[in-house]
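J.: Structure: start.cif, mmCIF, C-alpha atoms; chains and numbers go by the auth columns.
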```cif
data_upload
#
loop_
_atom_site.group_PDB
_atom_site.id
_atom_site.type_symbol
_atom_site.label_atom_id
_atom_site.label_comp_id
_atom_site.label_asym_id
_atom_site.label_seq_id
_atom_site.Cartn_x
_atom_site.Cartn_y
_atom_site.Cartn_z
_atom_site.B_iso_or_equiv
_atom_site.auth_seq_id
_atom_site.auth_asym_id
ATOM 1 C CA MET A 1 -34.403 -5.280 -1.914 0.00 37 W
ATOM 2 C CA THR A 2 -33.753 -8.812 -3.090 0.00 38 W
ATOM 3 C CA ILE A 3 -31.544 -9.820 -5.989 0.00 39 W
ATOM 4 C CA SER A 4 -31.291 -12.987 -8.003 0.00 40 W
ATOM 5 C CA PHE A 5 -28.470 -15.470 -7.615 0.00 41 W
ATOM 6 C CA ASP A 6 -27.380 -14.469 -11.133 0.00 42 W
ATOM 7 C CA ASP A 7 -26.993 -10.880 -9.864 0.00 43 W
ATOM 8 C CA PHE A 8 -24.747 -12.124 -7.037 0.00 44 W
ATOM 9 C CA LEU A 9 -22.619 -14.068 -9.525 0.00 45 W
ATOM 10 C CA LYS A 10 -21.854 -10.825 -11.369 0.00 46 W
ATOM 11 C CA LEU A 11 -19.678 -9.769 -8.423 0.00 47 W
ATOM 12 C CA ASP A 12 -16.176 -11.195 -8.724 0.00 48 W
ATOM 13 C CA ILE A 13 -14.976 -11.358 -5.111 0.00 49 W
ATOM 14 C CA ARG A 14 -11.496 -12.836 -4.718 0.00 50 W
ATOM 15 C CA VAL A 15 -8.904 -13.376 -2.028 0.00 51 W
ATOM 16 C CA GLY A 16 -5.716 -11.383 -2.348 0.00 52 W
ATOM 17 C CA LYS A 17 -2.619 -10.587 -0.337 0.00 53 W
ATOM 18 C CA ILE A 18 -1.523 -7.035 0.453 0.00 54 W
ATOM 19 C CA THR A 19 1.995 -6.663 -0.947 0.00 55 W
ATOM 20 C CA ARG A 20 2.430 -2.914 -0.515 0.00 56 W
ATOM 21 C CA ALA A 21 0.702 -0.278 1.622 0.00 57 W
ATOM 22 C CA GLU A 22 1.368 3.458 1.914 0.00 58 W
ATOM 23 C CA PRO A 23 -0.227 6.396 3.700 0.00 59 W
ATOM 24 C CA PHE A 24 -2.583 8.427 1.469 0.00 60 W
ATOM 25 C CA PRO A 25 -2.330 11.974 2.871 0.00 61 W
ATOM 26 C CA GLU A 26 -3.984 13.512 -0.224 0.00 62 W
ATOM 27 C CA ALA A 27 -7.270 11.697 0.445 0.00 63 W
ATOM 28 C CA ARG A 28 -10.211 13.745 1.795 0.00 64 W
ATOM 29 C CA LYS A 29 -10.663 11.237 4.645 0.00 65 W
ATOM 30 C CA PRO A 30 -7.726 9.376 6.211 0.00 66 W
ATOM 31 C CA ALA A 31 -6.888 6.396 3.998 0.00 67 W
ATOM 32 C CA ILE A 32 -4.193 3.925 3.030 0.00 68 W
ATOM 33 C CA LYS A 33 -3.137 3.052 -0.522 0.00 69 W
ATOM 34 C CA LEU A 34 -2.989 -0.708 -1.041 0.00 70 W
ATOM 35 C CA TRP A 35 -1.492 -2.972 -3.676 0.00 71 W
ATOM 36 C CA VAL A 36 -3.198 -6.370 -3.506 0.00 72 W
ATOM 37 C CA ASP A 37 -1.977 -9.466 -5.351 0.00 73 W
ATOM 38 C CA TYR A 38 -4.997 -11.495 -6.509 0.00 74 W
ATOM 39 C CA GLY A 39 -2.940 -14.302 -8.047 0.00 75 W
ATOM 40 C CA ASP A 40 -1.712 -15.156 -11.533 0.00 76 W
ATOM 41 C CA GLU A 41 -5.070 -14.793 -13.315 0.00 77 W
ATOM 42 C CA ILE A 42 -5.845 -11.263 -12.065 0.00 78 W
ATOM 43 C CA GLY A 43 -2.510 -9.921 -10.831 0.00 79 W
ATOM 44 C CA VAL A 44 -1.946 -6.901 -8.608 0.00 80 W
ATOM 45 C CA LYS A 45 -4.687 -4.287 -8.261 0.00 81 W
ATOM 46 C CA LYS A 46 -4.544 -0.986 -6.383 0.00 82 W
ATOM 47 C CA SER A 47 -7.121 0.138 -3.853 0.00 83 W
ATOM 48 C CA SER A 48 -7.659 3.047 -1.485 0.00 84 W
ATOM 49 C CA ALA A 49 -9.157 2.111 1.882 0.00 85 W
ATOM 50 C CA GLN A 50 -10.334 4.226 4.827 0.00 86 W
ATOM 51 C CA ILE A 51 -8.906 1.819 7.386 0.00 87 W
ATOM 52 C CA THR A 52 -6.545 4.012 9.413 0.00 88 W
ATOM 53 C CA ARG A 53 -8.332 3.487 12.742 0.00 89 W
ATOM 54 C CA HIS A 54 -7.352 -0.177 13.051 0.00 90 W
ATOM 55 C CA TYR A 55 -4.421 -0.572 10.654 0.00 91 W
ATOM 56 C CA THR A 56 -1.035 0.905 9.806 0.00 92 W
ATOM 57 C CA PRO A 57 0.540 0.424 6.381 0.00 93 W
ATOM 58 C CA GLU A 58 3.354 -1.671 7.865 0.00 94 W
ATOM 59 C CA ALA A 59 0.976 -4.048 9.671 0.00 95 W
ATOM 60 C CA LEU A 60 -1.031 -4.725 6.477 0.00 96 W
ATOM 61 C CA ILE A 61 1.795 -6.262 4.440 0.00 97 W
ATOM 62 C CA GLY A 62 1.172 -9.983 3.939 0.00 98 W
ATOM 63 C CA ARG A 63 -2.437 -9.871 5.158 0.00 99 W
ATOM 64 C CA GLN A 64 -5.020 -11.773 3.086 0.00 100 W
ATOM 65 C CA VAL A 65 -8.174 -9.792 2.270 0.00 101 W
ATOM 66 C CA MET A 66 -11.299 -10.174 0.159 0.00 102 W
ATOM 67 C CA GLY A 67 -11.961 -7.722 -2.653 0.00 103 W
ATOM 68 C CA VAL A 68 -14.271 -7.036 -5.580 0.00 104 W
ATOM 69 C CA VAL A 69 -12.040 -7.153 -8.656 0.00 105 W
ATOM 70 C CA ASN A 70 -14.505 -6.447 -11.487 0.00 106 W
ATOM 71 C CA PHE A 71 -15.576 -2.858 -10.739 0.00 107 W
ATOM 72 C CA PRO A 72 -14.315 -0.251 -13.196 0.00 108 W
ATOM 73 C CA PRO A 73 -11.281 1.764 -12.038 0.00 109 W
ATOM 74 C CA ARG A 74 -12.131 4.847 -9.966 0.00 110 W
ATOM 75 C CA GLN A 75 -10.013 7.971 -9.605 0.00 111 W
ATOM 76 C CA ILE A 76 -9.554 8.945 -5.944 0.00 112 W
ATOM 77 C CA GLY A 77 -7.573 12.168 -5.911 0.00 113 W
ATOM 78 C CA PRO A 78 -4.228 11.422 -7.585 0.00 114 W
ATOM 79 C CA PHE A 79 -4.666 7.641 -7.121 0.00 115 W
ATOM 80 C CA MET A 80 -6.476 5.193 -9.414 0.00 116 W
ATOM 81 C CA SER A 81 -8.337 2.543 -7.410 0.00 117 W
ATOM 82 C CA GLU A 82 -8.825 -0.693 -9.344 0.00 118 W
ATOM 83 C CA ALA A 83 -10.533 -2.943 -6.768 0.00 119 W
ATOM 84 C CA LEU A 84 -12.723 -2.628 -3.674 0.00 120 W
ATOM 85 C CA VAL A 85 -11.242 -4.220 -0.555 0.00 121 W
ATOM 86 C CA LEU A 86 -14.100 -5.428 1.662 0.00 122 W
ATOM 87 C CA GLY A 87 -14.710 -4.749 5.332 0.00 123 W
ATOM 88 C CA VAL A 88 -17.414 -4.492 7.949 0.00 124 W
ATOM 89 C CA PRO A 89 -18.013 -1.790 10.584 0.00 125 W
ATOM 90 C CA ASP A 90 -16.998 -2.253 14.200 0.00 126 W
ATOM 91 C CA ALA A 91 -19.176 -0.908 17.044 0.00 127 W
ATOM 92 C CA ASP A 92 -17.946 2.627 16.266 0.00 128 W
ATOM 93 C CA GLY A 93 -18.495 2.359 12.507 0.00 129 W
ATOM 94 C CA GLU A 94 -14.779 1.957 11.703 0.00 130 W
ATOM 95 C CA VAL A 95 -13.769 -0.520 8.992 0.00 131 W
ATOM 96 C CA VAL A 96 -12.496 -3.988 9.910 0.00 132 W
ATOM 97 C CA LEU A 97 -11.126 -5.861 6.889 0.00 133 W
ATOM 98 C CA ILE A 98 -12.636 -9.171 5.784 0.00 134 W
ATOM 99 C CA GLY A 99 -10.317 -12.043 4.992 0.00 135 W
ATOM 100 C CA PRO A 100 -10.250 -15.832 5.082 0.00 136 W
ATOM 101 C CA GLY A 101 -9.787 -17.490 8.471 0.00 137 W
ATOM 102 C CA GLN A 102 -6.652 -19.279 7.269 0.00 138 W
ATOM 103 C CA ASP A 103 -4.194 -18.874 4.403 0.00 139 W
ATOM 104 C CA VAL A 104 -5.743 -19.872 1.086 0.00 140 W
ATOM 105 C CA PRO A 105 -4.469 -19.703 -2.510 0.00 141 W
ATOM 106 C CA LEU A 106 -4.517 -16.197 -3.985 0.00 142 W
ATOM 107 C CA GLY A 107 -7.268 -15.500 -6.480 0.00 143 W
ATOM 108 C CA GLY A 108 -9.788 -17.903 -4.916 0.00 144 W
ATOM 109 C CA ARG A 109 -13.320 -16.773 -5.700 0.00 145 W
ATOM 110 C CA LEU A 110 -15.929 -16.316 -2.992 0.00 146 W
ATOM 111 C CA PHE A 111 -18.887 -18.669 -3.307 0.00 147 W
#
```
What is this structure when it is put down as structure tokens?

T.:
Amino acid sequence: MTISFDDFLKLDIRVGKITRAEPFPEARKPAIKLWVDYGDEIGVKKSSAQITRHYTPEALIGRQVMGVVNFPPRQIGPFMSEALVLGVPDADGEVVLIGPGQDVPLGGRLF
């Protein structure tokens, strides 16, 4: 399926920094609760991510990631997810987070 460039522009994908991360034992699949700061314009948004194979909550603090910030909030068990942190699968299908190759200002939009 192809989409138009205007369709792509509807996605608001921004760079953020993980400021808080906690285990999410209530999730159906192993996950980590994230609080990601997307800068002054957007602020901090929460996300649940199934990233326990490659990451621990402690190791995620301070990491820059890319996330979709304009999806509606989604209830995941007792946690309200407000953004979708992006990743790609490794050879085993486990999530590897996507982030910029160097530190960039928070809130920068992907183009």

J.: Counting all atoms listed in the file, figure out which residue out of W:Lys82, W:Arg110, W:Lys53, W:Lys46 gets nearest to Ile68 of chain W.

T.: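 For Ile68 of chain W, the nearest of the given residues is W:Lys82.
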
J.: Using the chain letters and numbers from the file, give me the residues hit by the PyMOL selection byres ((chain W and resi 131) around 8), as a list in words.

T.: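 Applied to this file, the PyMOL selection byres ((chain W and resi 131) around 8) returns Gln86, Ile87, Arg89, His90, Gly123, Val124, Pro125, Asp126, Gly129, Glu130, Val132 and Leu133 of chain W.
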
J.: Find the distance between atom CA of Ile134 of chain W and atom CA of Val121 of chain W and write it in Å to one decimal.

T.: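 Between atom CA of Ile134 of chain W and atom CA of Val121 of chain W the gap is 8.2 Å.
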
J.: Would you work out the distance separating atom CA of Ala119 of chain W from atom CA of Thr38 of chain W, expressed in Å to one decimal?

T.: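 These atoms are spaced 24.2 Å apart.
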
J.: With a distance cut-off of 10 Å and only C-alpha atoms, select the neighbouring residues of Pro114 of chain W, excluding the residue or stretch itself and same-chain residues fewer than 5 positions from it, and output the selection as a PDB file with C-alpha atoms, keeping the file's coordinate frame.

T.:
```pdb
ATOM      1  CA  PHE W  60      -2.583   8.427   1.469  1.00  0.00           C
ATOM      2  CA  GLU W  62      -3.984  13.512  -0.224  1.00  0.00           C
ATOM      3  CA  ALA W  63      -7.270  11.697   0.445  1.00  0.00           C
TER       4      ALA W  63
END
```

J.: Closest to Leu146 of chain W among W:Ile97, W:Ala127, W:Met37, W:Leu122, using only C-alpha atoms?

T.: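 The answer is W:Leu122, which sits nearest to Leu146 of chain W.
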
J.: Between atom CA of Ala85 of chain W and atom CA of Met116 of chain W, what is the spacing in Å?

T.: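 Atom CA of Ala85 of chain W lies 12.0 Å from atom CA of Met116 of chain W.
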
J.: Carefully work through the PyMOL selection byres ((chain W and resi 72) around 7) for this structure and note down the residues it includes, as number ranges by chain.

T.: W: 52-55, 70-71, 73-74, 80-82

J.: Have a look at W:Val104, W:Ala95, W:Leu45, W:Ile39 and name the one nearest to Ala57 of chain W; count only C-alpha atoms.

T.: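 Of W:Val104, W:Ala95, W:Leu45, W:Ile39, the one nearest Ala57 of chain W is W:Ala95, counting only C-alpha atoms.
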
J.: Check the smallest atom-to-atom distance from each of W:Asp76, W:Pro59, W:Asp139, W:Leu120 to Gly98 of chain W using only C-alpha atoms, then report the winner.

T.: W:Asp139

J.: For Pro61 of chain W, which of W:Ile78, W:Ile112, W:Gly103, W:Tyr91 is the closest residue, counting all atoms listed in the file?

T.: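 Ranked by minimum distance to Pro61 of chain W, first place goes to W:Ile112.
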
J.: Using all atoms listed in the file, which of W:Arg50, W:Phe147, W:Thr88, W:Ser40 sits nearest Asn106 of chain W?

T.: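 Between W:Arg50, W:Phe147, W:Thr88, W:Ser40, the residue approaching Asn106 of chain W most closely is W:Arg50.
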
J.: Mind writing segment 94-105 of chain W to a file for me, with all heavy atoms, as a compact mmCIF listing (two decimals), in the first residue's frame?

T.:
```txt
# COMPACT_ATOMS: atom_id res chain seq x y z
N GLU W 94 16.68 0.99 34.44
CA GLU W 94 17.79 1.86 34.85
C GLU W 94 18.64 2.31 33.66
O GLU W 94 19.10 3.45 33.61
CB GLU W 94 18.69 1.12 35.85
CG GLU W 94 17.99 0.65 37.10
CD GLU W 94 17.16 -0.63 36.90
OE1 GLU W 94 17.48 -1.44 36.01
OE2 GLU W 94 16.19 -0.81 37.66
N ALA W 95 18.87 1.42 32.70
CA ALA W 95 19.72 1.73 31.55
C ALA W 95 19.04 2.69 30.56
O ALA W 95 19.72 3.28 29.72
CB ALA W 95 20.12 0.45 30.83
N LEU W 96 17.72 2.84 30.66
CA LEU W 96 16.99 3.69 29.70
C LEU W 96 17.01 5.17 30.06
O LEU W 96 16.82 6.02 29.18
CB LEU W 96 15.54 3.21 29.60
CG LEU W 96 15.35 1.87 28.90
CD1 LEU W 96 13.96 1.33 29.16
CD2 LEU W 96 15.61 2.02 27.41
N ILE W 97 17.25 5.50 31.32
CA ILE W 97 17.20 6.89 31.75
C ILE W 97 18.24 7.71 30.98
O ILE W 97 19.41 7.35 30.90
CB ILE W 97 17.45 7.00 33.27
CG1 ILE W 97 16.45 6.14 34.07
CG2 ILE W 97 17.40 8.47 33.72
CD1 ILE W 97 15.01 6.48 33.86
N GLY W 98 17.79 8.81 30.40
CA GLY W 98 18.67 9.70 29.65
C GLY W 98 18.81 9.36 28.18
O GLY W 98 19.39 10.14 27.42
N ARG W 99 18.26 8.23 27.75
CA ARG W 99 18.37 7.82 26.35
C ARG W 99 17.40 8.62 25.49
O ARG W 99 16.24 8.81 25.83
CB ARG W 99 18.03 6.34 26.25
CG ARG W 99 18.16 5.79 24.85
CD ARG W 99 17.71 4.33 24.83
NE ARG W 99 17.99 3.76 23.54
CZ ARG W 99 19.05 3.02 23.25
NH1 ARG W 99 19.91 2.72 24.19
NH2 ARG W 99 19.25 2.56 22.04
N GLN W 100 17.88 9.10 24.32
CA GLN W 100 17.00 9.77 23.37
C GLN W 100 16.34 8.74 22.46
O GLN W 100 16.99 7.80 21.99
CB GLN W 100 17.77 10.80 22.55
CG GLN W 100 18.11 12.05 23.33
CD GLN W 100 18.54 13.19 22.45
OE1 GLN W 100 19.14 13.00 21.39
NE2 GLN W 100 18.26 14.40 22.89
N VAL W 101 15.04 8.90 22.25
CA VAL W 101 14.25 7.98 21.43
C VAL W 101 13.35 8.79 20.51
O VAL W 101 13.12 9.97 20.71
CB VAL W 101 13.38 7.04 22.31
CG1 VAL W 101 14.25 6.10 23.13
CG2 VAL W 101 12.44 7.83 23.20
N MET W 102 12.80 8.11 19.50
CA MET W 102 11.82 8.72 18.61
C MET W 102 10.45 8.17 18.99
O MET W 102 10.32 6.98 19.32
CB MET W 102 12.12 8.38 17.15
CG MET W 102 13.48 8.84 16.65
SD MET W 102 13.78 10.62 16.81
CE MET W 102 12.54 11.27 15.69
N GLY W 103 9.43 9.02 18.92
CA GLY W 103 8.09 8.57 19.27
C GLY W 103 7.02 9.34 18.51
O GLY W 103 7.21 10.50 18.15
N VAL W 104 5.90 8.66 18.29
CA VAL W 104 4.72 9.29 17.70
C VAL W 104 3.96 9.93 18.85
O VAL W 104 3.55 9.23 19.79
CB VAL W 104 3.84 8.27 16.95
CG1 VAL W 104 2.61 8.96 16.37
CG2 VAL W 104 4.63 7.56 15.86
N VAL W 105 3.76 11.25 18.78
CA VAL W 105 3.15 11.97 19.90
C VAL W 105 1.72 12.42 19.64
O VAL W 105 1.10 13.02 20.52
CB VAL W 105 4.02 13.18 20.30
CG1 VAL W 105 5.40 12.72 20.77
CG2 VAL W 105 4.15 14.19 19.17
```
